[in-house]
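run_27.tsv (TSV, C-alpha atoms)
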chain	number	residue	atom	x	y	z
K	15	MET	CA	1.94	15.11	1.76
K	16	VAL	CA	3.13	18.35	0.17
K	17	GLN	CA	2.17	18.69	-3.47
K	18	VAL	CA	3.97	20.66	-6.13
K	19	LYS	CA	1.72	22.44	-8.60
K	20	SER	CA	2.77	21.01	-11.90
K	21	PRO	CA	0.91	19.26	-14.73
K	22	ARG	CA	3.53	16.50	-14.54
K	23	ILE	CA	2.48	15.66	-11.02
K	24	ALA	CA	-1.16	15.13	-11.99
K	25	SER	CA	-0.40	11.71	-13.48
K	26	ILE	CA	1.21	10.64	-10.20
K	27	ASP	CA	-1.83	11.90	-8.28
K	28	LEU	CA	-3.94	9.87	-10.70
K	29	LEU	CA	-1.97	6.71	-9.94
K	30	ARG	CA	-2.14	7.36	-6.21
K	31	GLY	CA	-5.89	7.94	-6.47
K	32	MET	CA	-6.36	4.69	-8.39
K	33	VAL	CA	-4.57	2.60	-5.79
K	34	MET	CA	-6.52	4.27	-2.97
K	35	ILE	CA	-9.75	3.34	-4.71
K	36	PHE	CA	-8.62	-0.27	-5.22
K	37	MET	CA	-7.49	-0.38	-1.61
K	38	ALA	CA	-11.02	0.56	-0.54
K	39	LEU	CA	-12.28	-2.46	-2.50
K	40	ASP	CA	-10.01	-4.78	-0.54
K	41	HIS	CA	-11.10	-3.36	2.78
K	42	THR	CA	-14.77	-3.51	1.77
K	43	ARG	CA	-14.28	-7.19	0.97
K	44	ASP	CA	-12.56	-7.69	4.33
K	45	TYR	CA	-15.66	-6.55	6.21
K	46	PHE	CA	-18.53	-7.58	3.95
K	47	HIS	CA	-17.71	-10.71	1.94
K	48	TYR	CA	-19.12	-13.87	3.48
K	49	ASP	CA	-15.84	-15.76	3.14
K	50	ALA	CA	-13.53	-12.98	4.33
K	51	PHE	CA	-13.47	-14.16	7.93
K	52	PHE	CA	-12.76	-17.80	7.11
K	53	PHE	CA	-10.02	-18.13	4.50
K	54	ASP	CA	-7.47	-16.19	2.49
K	55	PRO	CA	-8.82	-15.30	-1.01
K	56	THR	CA	-5.47	-16.35	-2.51
K	57	ASP	CA	-5.79	-19.90	-1.11
K	58	LEU	CA	-6.20	-21.86	-4.35
K	59	SER	CA	-7.80	-24.79	-2.54
K	60	LYS	CA	-10.74	-22.63	-1.40
K	61	THR	CA	-11.00	-19.53	-3.59
K	62	ASN	CA	-12.58	-18.89	-6.99
K	63	ILE	CA	-11.26	-16.85	-9.92
K	64	ALA	CA	-13.38	-13.74	-9.29
K	65	LEU	CA	-12.46	-13.63	-5.60
K	66	PHE	CA	-8.76	-14.19	-6.31
K	67	ILE	CA	-8.65	-11.43	-8.95
K	68	THR	CA	-10.49	-9.07	-6.59
K	69	ARG	CA	-7.70	-9.60	-4.09
K	70	PHE	CA	-4.93	-9.59	-6.70
K	71	ILE	CA	-5.77	-6.15	-8.15
K	72	THR	CA	-5.52	-4.70	-4.66
K	73	HIS	CA	-1.96	-6.03	-4.38
K	74	TYR	CA	-0.96	-2.94	-6.34
K	75	CYS	CA	-1.89	-0.62	-3.49
K	76	ALA	CA	0.91	-1.05	-0.94
K	77	PRO	CA	3.85	-1.04	-3.40
K	78	VAL	CA	2.57	2.00	-5.29
K	79	PHE	CA	1.65	3.80	-2.07
K	80	MET	CA	5.15	3.18	-0.68
K	81	PHE	CA	6.94	3.98	-3.96
K	82	LEU	CA	5.05	7.23	-4.54
K	83	ALA	CA	5.57	8.32	-0.93
K	84	GLY	CA	9.26	8.35	-1.78
K	85	THR	CA	8.53	10.33	-4.95
K	86	SER	CA	6.48	12.85	-2.96
K	87	ALA	CA	9.42	13.25	-0.57
K	88	PHE	CA	11.61	14.05	-3.58
K	89	PHE	CA	9.19	16.80	-4.65
K	90	VAL	CA	9.20	18.25	-1.14
K	91	GLY	CA	13.00	18.18	-1.24
K	92	GLN	CA	13.03	20.41	-4.31
K	93	LYS	CA	12.05	23.29	-2.05
K	94	ARG	CA	14.13	22.38	1.00
K	95	SER	CA	17.69	21.59	1.94
K	96	LYS	CA	18.51	17.93	2.61
K	97	LYS	CA	18.76	18.70	6.31
K	98	ASP	CA	15.28	20.22	6.32
K	99	LEU	CA	13.94	17.32	4.26
K	100	SER	CA	15.38	14.84	6.77
K	101	ILE	CA	13.63	16.68	9.60
K	102	TRP	CA	10.39	16.70	7.56
K	103	LEU	CA	10.66	12.94	6.99
K	104	LEU	CA	11.44	12.22	10.64
K	105	LYS	CA	8.45	14.20	11.89
K	106	ARG	CA	6.06	12.58	9.46
K	107	GLY	CA	7.53	9.15	9.98
K	108	PHE	CA	7.02	9.26	13.75
K	109	TRP	CA	3.57	10.80	13.26
K	110	LEU	CA	2.48	7.95	10.97
K	111	ILE	CA	3.63	5.33	13.47
K	112	ILE	CA	1.57	7.11	16.16
K	113	VAL	CA	-1.39	7.20	13.78
K	114	GLU	CA	-1.05	3.45	13.18
K	115	VAL	CA	-1.24	2.50	16.86
K	116	THR	CA	-3.98	5.00	17.79
K	117	ILE	CA	-6.26	6.36	15.06
K	118	MET	CA	-5.95	3.35	12.74
K	119	LYS	CA	-5.98	0.77	15.53
K	120	PHE	CA	-9.33	2.11	16.69
K	121	GLY	CA	-10.60	2.37	13.12
K	122	TRP	CA	-9.80	-1.28	12.35
K	123	ASN	CA	-10.91	-2.77	15.67
K	124	PHE	CA	-13.24	-0.24	17.35
K	125	ASN	CA	-11.35	-0.78	20.58
K	126	LEU	CA	-8.11	0.42	22.09
K	127	ASN	CA	-7.22	-2.81	23.86
K	128	TYR	CA	-3.45	-3.02	23.55
K	129	THR	CA	-3.20	-6.71	24.35
K	130	VAL	CA	-2.39	-7.02	20.64
K	131	THR	CA	-1.04	-4.23	18.44
K	132	VAL	CA	-0.84	-4.71	14.68
K	133	PHE	CA	1.82	-2.97	12.61
K	134	GLN	CA	0.20	-2.53	9.21
K	135	VAL	CA	0.95	-0.45	6.14
K	136	ILE	CA	0.91	2.96	7.88
K	137	TRP	CA	3.54	1.70	10.31
K	138	ALA	CA	5.68	0.51	7.39
K	139	LEU	CA	5.21	3.84	5.63
K	140	GLY	CA	6.24	5.80	8.72
K	141	ALA	CA	9.22	3.59	9.55
K	142	SER	CA	10.38	3.75	5.92
K	143	MET	CA	10.32	7.54	6.11
K	144	LEU	CA	12.62	7.37	9.13
K	145	PHE	CA	15.11	5.34	7.10
K	146	LEU	CA	14.68	7.62	4.08
K	147	ALA	CA	15.62	10.59	6.27
K	148	ALA	CA	19.11	9.06	6.42
K	149	PHE	CA	19.19	7.47	2.95
K	150	ILE	CA	18.76	10.80	1.13
K	151	HIS	CA	22.29	11.71	2.29
K	152	VAL	CA	23.82	8.62	0.65
K	153	PRO	CA	25.16	9.25	-2.88
K	154	LYS	CA	22.40	8.64	-5.41
K	155	LYS	CA	24.04	5.88	-7.48
K	156	LEU	CA	25.18	4.01	-4.38
K	157	MET	CA	21.73	4.18	-2.77
K	158	ILE	CA	19.98	3.01	-5.94
K	159	ALA	CA	22.43	0.11	-6.20
K	160	ILE	CA	21.90	-0.86	-2.55
K	161	SER	CA	18.11	-0.67	-2.96
K	162	LEU	CA	18.14	-2.89	-6.04
K	163	ILE	CA	20.47	-5.41	-4.37
K	164	VAL	CA	18.15	-5.70	-1.38
K	165	ILE	CA	14.97	-5.88	-3.47
K	166	PHE	CA	16.42	-8.53	-5.77
K	167	GLY	CA	18.30	-10.41	-3.07
K	168	HIS	CA	16.10	-10.43	0.05
K	169	ASN	CA	14.30	-13.65	-0.94
K	170	MET	CA	17.54	-15.50	-0.27
K	171	LEU	CA	16.73	-14.86	3.40
K	172	ASP	CA	13.31	-16.53	3.28
K	173	GLY	CA	13.07	-19.05	6.10
K	174	TYR	CA	16.01	-17.60	8.00
K	175	MET	CA	15.43	-16.91	11.69
K	176	PRO	CA	18.34	-15.90	13.95
K	177	GLU	CA	18.42	-17.19	17.50
K	178	TYR	CA	19.66	-14.13	19.40
K	179	TRP	CA	18.01	-11.20	17.61
K	180	LYS	CA	14.76	-12.83	16.58
K	181	ASP	CA	12.49	-9.87	17.44
K	182	LEU	CA	14.55	-7.43	15.39
K	183	TRP	CA	14.52	-9.84	12.46
K	184	ILE	CA	10.72	-10.13	12.67
K	185	LEU	CA	10.48	-6.34	12.40
K	186	LEU	CA	12.71	-6.48	9.35
K	187	HIS	CA	11.70	-9.55	7.37
K	188	VAL	CA	9.16	-11.94	8.95
K	189	GLN	CA	5.40	-11.58	9.42
K	190	ALA	CA	5.06	-12.80	13.00
K	191	PRO	CA	4.23	-11.69	16.55
K	192	ILE	CA	6.67	-10.11	18.98
K	193	LYS	CA	5.76	-10.57	22.63
K	194	THR	CA	6.60	-7.77	25.06
K	195	SER	CA	5.63	-7.10	28.67
K	196	PHE	CA	3.08	-4.48	27.52
K	197	THR	CA	1.61	-5.90	24.32
K	198	THR	CA	2.01	-8.50	21.62
K	199	ILE	CA	3.04	-6.73	18.42
K	200	PHE	CA	1.91	-8.50	15.28
K	201	VAL	CA	4.19	-7.31	12.48
K	202	ALA	CA	1.93	-7.54	9.43
K	203	TYR	CA	4.33	-5.44	7.33
K	204	PRO	CA	8.02	-6.29	7.93
K	205	LEU	CA	10.25	-3.46	6.70
K	206	ILE	CA	12.51	-5.22	4.19
K	207	PRO	CA	12.26	-4.50	1.32
K	208	TRP	CA	9.66	-1.73	1.82
K	209	ILE	CA	12.22	0.80	3.05
K	210	PHE	CA	14.17	0.34	-0.18
K	211	VAL	CA	11.04	0.55	-2.35
K	212	MET	CA	10.51	4.02	-0.89
K	213	THR	CA	14.13	4.92	-1.60
K	214	LEU	CA	13.75	3.91	-5.25
K	215	GLY	CA	10.58	5.99	-5.38
K	216	TYR	CA	12.52	8.96	-4.04
K	217	HIS	CA	15.11	8.76	-6.79
K	218	PHE	CA	12.36	8.04	-9.33
K	219	GLY	CA	11.34	11.64	-8.77
K	220	LEU	CA	14.35	12.72	-10.83
K	221	LEU	CA	12.32	11.84	-13.95
K	222	TYR	CA	9.80	14.52	-12.97
K	223	LYS	CA	12.13	17.46	-12.48
K	224	GLN	CA	11.08	20.58	-14.33
K	225	ASP	CA	14.05	20.43	-16.70
K	226	PHE	CA	13.46	16.77	-17.65
K	227	LYS	CA	11.95	16.59	-21.14
K	228	PRO	CA	8.54	14.84	-21.19
K	229	GLU	CA	9.35	12.72	-24.27
K	230	ILE	CA	12.54	11.42	-22.65
K	231	ARG	CA	10.70	10.74	-19.39
K	232	ILE	CA	8.02	8.74	-21.22
K	233	LYS	CA	10.70	6.62	-22.90
K	234	TRP	CA	12.33	5.90	-19.56
K	235	LEU	CA	8.99	5.04	-17.96
K	236	ARG	CA	8.21	2.56	-20.72
K	237	TYR	CA	11.68	1.07	-20.66
K	238	ILE	CA	11.57	0.54	-16.89
K	239	GLY	CA	7.99	-0.73	-16.91
K	240	VAL	CA	8.41	-3.19	-19.78
K	241	SER	CA	11.76	-4.41	-18.43
K	242	ALA	CA	10.21	-5.17	-15.03
K	243	ILE	CA	7.31	-7.05	-16.64
K	244	LEU	CA	9.58	-9.14	-18.89
K	245	LEU	CA	11.91	-9.90	-16.02
K	246	PHE	CA	8.96	-11.03	-13.94
K	247	ILE	CA	7.72	-13.38	-16.69
K	248	ILE	CA	11.15	-14.94	-17.23
K	249	ILE	CA	11.96	-15.49	-13.55
K	250	ARG	CA	8.48	-16.77	-12.73
K	251	TYR	CA	8.27	-19.13	-15.70
K	252	PHE	CA	11.40	-21.02	-14.70
K	253	ASN	CA	10.45	-21.18	-11.00
K	254	VAL	CA	14.03	-20.41	-10.07
K	255	TYR	CA	13.75	-17.57	-7.56
K	256	GLY	CA	11.85	-14.55	-6.36
K	257	ASN	CA	8.99	-16.01	-4.32
K	258	PRO	CA	8.76	-18.43	-1.39
K	259	THR	CA	6.40	-20.73	-3.35
K	260	ASN	CA	6.56	-21.89	-6.97
K	261	TRP	CA	3.68	-21.96	-9.43
K	262	GLU	CA	2.22	-25.33	-10.35
K	263	LEU	CA	-0.21	-26.80	-12.87
K	264	GLN	CA	-3.72	-26.72	-11.41
K	265	LYS	CA	-7.10	-28.30	-12.13
K	266	SER	CA	-7.79	-25.81	-14.93
K	267	PHE	CA	-5.97	-23.28	-17.09
K	268	GLY	CA	-7.59	-20.43	-15.15
K	269	PHE	CA	-6.32	-21.72	-11.82
K	270	THR	CA	-2.87	-22.36	-13.32
K	271	VAL	CA	-2.76	-18.67	-14.23
K	272	LEU	CA	-3.77	-17.83	-10.64
K	273	SER	CA	-0.94	-20.02	-9.37
K	274	PHE	CA	1.44	-18.17	-11.70
K	275	ILE	CA	0.50	-14.78	-10.22
K	276	ASN	CA	0.13	-15.89	-6.60
K	277	PHE	CA	2.89	-14.14	-4.63
K	278	ALA	CA	3.99	-13.44	-1.08
K	279	LYS	CA	3.14	-9.95	0.15
K	280	TYR	CA	4.35	-10.15	3.76
K	281	PRO	CA	7.17	-9.35	3.12
K	282	PRO	CA	6.74	-8.55	-0.58
K	283	SER	CA	8.69	-10.94	-2.77
K	284	LEU	CA	10.77	-9.81	-5.72
K	285	LEU	CA	8.15	-11.15	-8.15
K	286	TYR	CA	5.38	-9.38	-6.25
K	287	LEU	CA	7.20	-6.06	-6.66
K	288	LEU	CA	8.04	-6.65	-10.32
K	289	VAL	CA	4.45	-7.50	-11.26
K	290	THR	CA	3.02	-4.52	-9.36
K	291	LEU	CA	5.51	-1.71	-9.88
K	292	GLY	CA	6.33	-2.64	-13.48
K	293	PRO	CA	2.81	-2.17	-14.88
K	294	THR	CA	2.17	0.94	-12.77
K	295	ILE	CA	5.32	2.66	-14.02
K	296	LEU	CA	4.29	1.71	-17.55
K	297	LEU	CA	0.85	3.19	-16.89
K	298	LEU	CA	2.46	6.48	-15.90
K	299	SER	CA	3.97	6.72	-19.39
K	300	PHE	CA	0.47	6.85	-20.88
K	301	ALA	CA	-1.30	8.84	-18.17
K	302	GLU	CA	0.44	12.20	-18.71
K	303	ASN	CA	-1.95	13.21	-21.49
K	304	TRP	CA	-5.15	11.79	-20.04
K	305	LYS	CA	-7.95	14.22	-19.29
K	306	GLY	CA	-11.64	14.26	-18.45
K	307	LYS	CA	-14.05	14.37	-15.51
K	308	LEU	CA	-13.26	10.87	-14.30
K	309	TYR	CA	-9.54	11.64	-14.52
K	310	ASN	CA	-9.99	14.79	-12.45
K	311	ALA	CA	-12.07	12.95	-9.85
K	312	VAL	CA	-9.42	10.25	-9.35
K	313	VAL	CA	-6.67	12.89	-9.21
K	314	THR	CA	-8.60	14.67	-6.44
K	315	ILE	CA	-8.66	11.50	-4.34
K	316	GLY	CA	-4.96	11.01	-5.06
K	317	ARG	CA	-4.17	14.44	-3.66
K	318	VAL	CA	-5.53	13.58	-0.20
K	319	PRO	CA	-4.41	9.96	0.31
K	320	MET	CA	-3.96	10.03	4.09
K	321	PHE	CA	-7.29	11.75	4.63
K	322	PHE	CA	-8.99	9.19	2.38
K	323	TYR	CA	-7.25	6.29	4.09
K	324	ILE	CA	-8.37	7.24	7.59
K	325	ILE	CA	-12.00	8.06	6.88
K	326	HIS	CA	-12.66	5.13	4.53
K	327	VAL	CA	-11.64	2.60	7.21
K	328	TYR	CA	-13.95	4.18	9.77
K	329	ILE	CA	-16.89	4.35	7.36
K	330	ILE	CA	-16.46	0.74	6.18
K	331	HIS	CA	-16.20	-0.53	9.74
K	332	LEU	CA	-19.25	1.47	10.86
K	333	LEU	CA	-21.28	0.09	7.94
K	334	ALA	CA	-20.14	-3.43	8.79
K	335	LEU	CA	-21.25	-2.87	12.39
K	336	VAL	CA	-24.73	-1.99	11.11
K	337	ALA	CA	-24.72	-4.90	8.65
K	338	VAL	CA	-23.79	-7.54	11.21
K	339	THR	CA	-26.51	-6.23	13.54
K	340	LEU	CA	-29.11	-6.41	10.75
K	341	SER	CA	-27.98	-9.98	10.13
K	342	GLY	CA	-29.15	-10.90	13.62
K	343	LEU	CA	-25.68	-11.32	15.07
K	344	SER	CA	-24.11	-9.46	17.96
K	345	PRO	CA	-22.50	-6.13	16.97
K	346	LYS	CA	-19.73	-7.04	19.43
K	347	LEU	CA	-18.41	-9.39	16.74
K	348	MET	CA	-17.34	-6.30	14.82
K	349	VAL	CA	-15.49	-4.94	17.84
K	350	ILE	CA	-12.46	-7.08	17.30
K	351	GLU	CA	-9.13	-7.80	18.92
K	352	LEU	CA	-6.99	-8.51	15.88
K	353	PHE	CA	-8.09	-7.44	12.40
K	354	VAL	CA	-6.29	-10.29	10.62
K	355	THR	CA	-7.91	-13.02	12.75
K	356	ARG	CA	-10.47	-15.38	11.21
K	357	THR	CA	-13.72	-15.28	13.21
K	358	PRO	CA	-15.83	-18.48	13.13
K	359	GLU	CA	-18.59	-16.77	15.14
K	360	LEU	CA	-19.44	-14.73	12.03
K	361	LYS	CA	-20.71	-17.79	10.18
K	362	GLY	CA	-23.86	-16.69	8.40
K	363	TYR	CA	-22.79	-13.06	8.06
K	364	GLY	CA	-21.68	-11.49	4.80
K	365	TYR	CA	-22.66	-10.97	1.20
K	366	SER	CA	-21.77	-12.23	-2.26
K	367	LEU	CA	-18.98	-10.59	-4.23
K	368	TRP	CA	-21.27	-8.52	-6.45
K	369	VAL	CA	-22.80	-6.93	-3.32
K	370	VAL	CA	-19.29	-6.15	-2.08
K	371	TYR	CA	-18.57	-4.37	-5.37
K	372	ALA	CA	-21.84	-2.42	-5.10
K	373	ILE	CA	-21.02	-1.27	-1.55
K	374	TRP	CA	-17.52	-0.30	-2.69
K	375	PHE	CA	-18.86	1.69	-5.65
K	376	LEU	CA	-21.33	3.60	-3.49
K	377	LEU	CA	-18.59	4.22	-0.92
K	378	ILE	CA	-16.32	5.85	-3.52
K	379	LEU	CA	-19.20	7.98	-4.82
K	380	ALA	CA	-19.88	9.16	-1.28
K	381	LEU	CA	-16.23	9.84	-0.43
K	382	TYR	CA	-15.36	11.81	-3.58
K	383	PRO	CA	-17.16	15.07	-2.61
K	384	VAL	CA	-15.67	14.81	0.89
K	385	CYS	CA	-12.18	14.48	-0.59
K	386	LYS	CA	-12.85	17.37	-2.96
K	387	TRP	CA	-14.00	19.53	-0.06
K	388	TYR	CA	-10.95	18.65	1.99
K	389	TRP	CA	-8.54	19.32	-0.89
K	390	ASN	CA	-10.11	22.76	-1.45
K	391	TYR	CA	-10.03	23.49	2.27
K	392	LYS	CA	-6.41	22.45	2.53
K	393	ASN	CA	-5.50	24.46	-0.57
K	394	ASN	CA	-7.16	27.57	0.82
K	395	ASN	CA	-5.65	27.24	4.29
K	396	ARG	CA	-1.98	26.60	3.69
K	397	ASP	CA	-1.15	28.65	6.75
K	398	LYS	CA	-2.55	25.87	8.97
K	399	TRP	CA	0.51	23.67	9.46
K	400	TRP	CA	-1.42	20.70	10.91
K	401	LEU	CA	-3.21	20.11	7.61
K	402	SER	CA	0.01	18.81	6.07
K	403	TYR	CA	-0.16	15.82	8.43
K	404	LEU	CA	-3.42	14.66	6.83
Can you dump the structure from the file as structure tokens?
Amino acid sequence: MVQVKSPRIASIDLLRGMVMIFMALDHTRDYFHYDAFFFDPTDLSKTNIALFITRFITHYCAPVFMFLAGTSAFFVGQKRSKKDLSIWLLKRGFWLIIVEVTIMKFGWNFNLNYTVTVFQVIWALGASMLFLAAFIHVPKKLMIAISLIVIFGHNMLDGYMPEYWKDLWILLHVQAPIKTSFTTIFVAYPLIPWIFVMTLGYHFGLLYKQDFKPEIRIKWLRYIGVSAILLFIIIRYFNVYGNPTNWELQKSFGFTVLSFINFAKYPPSLLYLLVTLGPTILLLSFAENWKGKLYNAVVTIGRVPMFFYIIHVYIIHLLALVAVTLSGLSPKLMVIELFVTRTPELKGYGYSLWVVYAIWFLLILALYPVCKWYWNYKNNNRDKWWLSYL
């Protein structure tokens, strides 16, 4: 992604870096936690509070990643015409979809067997860029209104499945497989409302224009963030709308809280987006004046998100391959067909949650100097056009 040298952008790089780091925690858990291959950590009948929260904090990754991709496109558009920006978005959108079904498919599975192809977050990011290439030409107020209507209204379509255009609807709004003559496509990330989250992120960039006063921007960030949080609390409390399942009283207060914040991600429900984007926008209002070594380190990771994303998946999967071998099981169990499949054969493999956190921490420490090197290399070789695709 093209970056604009501006102190205002550093806070956005910080936020992007934070979600990339949390994302690495989720993927470390996927490959190393002893329960990861047997049940969903948000299943209240099987999970525990620590495991649920570990999964919950990583829910912030996809919405922020998608939202800020739109914001980055806005920054790129400050130096290009809308026609050129559309071309830029189309090229990167198609490139990301190719990356999903080649580089990332191999990284997740360590095979290129196309019996099953999974469309995950990189696919959704790329496809959303293709839509954004057209949406930037729609008048701003109209596009913001359309985006908000879809984000707030799409849960009315939960459970709907048309008879004659089922496959298209799965791509848009249902996590399900699509069978073709060549492969079975498992759509892990349906596009609605992600494509409109990116559009809102694009117009969010207006708050970061050079002529926008910082004190006014901070007020807007806090107003938007607090409003989203309050709206989430009100809608969720009354169990009236915004998520396919309601919250219920549980066996303890702690689990009742977990039920309250347990949301659908595939596709992301209204409440899921409110509780993730609201606090992150609020965080941006405080982050503009943050400084320090830790701040700079996270910003560095946030400046090379695609590079970080690709290499962290490969490293985690390689380490898991070693770990499963050391556990006395066949390494073939880590050469998998479908990443989201539960694998009973891995019974006996895996580590407790504190070990997962330790592996994650060491992973981030190891990846930081690599990201710093790549950022410096990219910064010093701007004439190499292919670097912008990583």
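Proximity to region 160-164 of chain K at 9 Å, evaluated using only C-alpha atoms and with sequence-adjacent residues fewer than 4 positions away removed, yields Lys155, Leu156, His168, Asn169, Ile206, Pro207, Ile209, Phe210, Val211, Thr213 and Leu214 of chain K.
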- Coordinates-based distance that separates CA of Met34 (chain K) from CA of Gly306 (chain K) (Å, one decimal):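 We find that CA of Gly306 (chain K) and CA of Met34 (chain K) lie 19.1 Å from each other.
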- Task: Might you pull out every residue within 12 Å of Tyr174 (chain K), with all atoms listed in the file counted and same-chain residues fewer than 4 positions away left off, and present them as an MDAnalysis selection string?
- Result: chainID K and resid 168:170 179:180 183:184 186:188 258
- Message: From the options K:Gly268, K:Gly219, K:Gly91, K:Pro281, which residue's atoms come nearest to Ala76 (chain K), counting all atoms listed in the file?
- Response: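 Residue with the minimum atom-to-atom distance to Ala76 (chain K): K:Pro281.
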- Message: Please determine, counting only C-alpha atoms, which residue among K:Phe145, K:Pro383, K:Tyr45, K:Ser341 has the shortest atom-to-atom distance to Asn123 (chain K).
- Response: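 So, comparing all the options, the nearest one is K:Tyr45.
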- Query: Interatomic distance between CA of Leu287 (chain K) and CA of Ile71 (chain K)?
  - Reply: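 One can read the CA of Leu287 (chain K) to CA of Ile71 (chain K) distance as 13.1 Å.
One distance worth recording is that between CA of Asp172 (chain K) and CA of Ala83 (chain K), which is 26.4 Å.
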- Pick from K:Ile350, K:Leu245, K:Ile378, K:Ile112, whichever lies nearest to Phe124 (chain K) using only C-alpha atoms: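 Nearest to Phe124 (chain K): K:Ile350.
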- Task: Within 12 Å of Trp109 (chain K), counting all atoms listed in the file, which residues show up once you throw out same-chain ones fewer than 2 positions away? Write them as a list in words, please.
- Result: Trp102, Leu103, Leu104, Lys105, Arg106, Gly107, Ile111, Ile112, Val113, Glu114, Val115, Thr116, Ile117, Ile136, Trp137, Leu139, Gly140, Ala141, Met143, Leu144, Met320, Trp400, Ser402, Tyr403 and Leu404 of chain K
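Nearest-residue note for Lys154 (chain K): choosing from K:His217, K:Arg236, K:Lys193, K:Arg94, the minimum distance belongs to K:His217, counting only C-alpha atoms.
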- Closest to Leu28 (chain K) among K:Thr198, K:Thr294, K:Thr314, K:Ser59, using all atoms listed in the file?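 Among K:Thr198, K:Thr294, K:Thr314, K:Ser59, it is K:Thr314 that comes nearest to Leu28 (chain K).
The residue set within 6 Å of Gly84 (chain K), counting only C-alpha atoms and dropping same-chain residues fewer than 3 places from it, reads Phe81, Ala87, Met212, Thr213, Gly215 and Tyr216 of chain K.
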Would you compute the box with edges along x, y and z of the file around region 268-278 of chain K, including every atom the file lists for it and 3 Å extra on each side, and give its centre and edge lengths in Å to one decimal, as lines of an AutoDock Vina configuration file?
center_x = -1.8
center_y = -17.9
center_z = -8.1
size_x = 17.6
size_y = 14.9
size_z = 20.1
- Residues at most 10 Å from Ala337 (chain K), counting all atoms listed in the file, excluding those fewer than 6 positions away in the same chain, as number ranges by chain? K: 45-46, 331, 343, 345, 348, 363-365
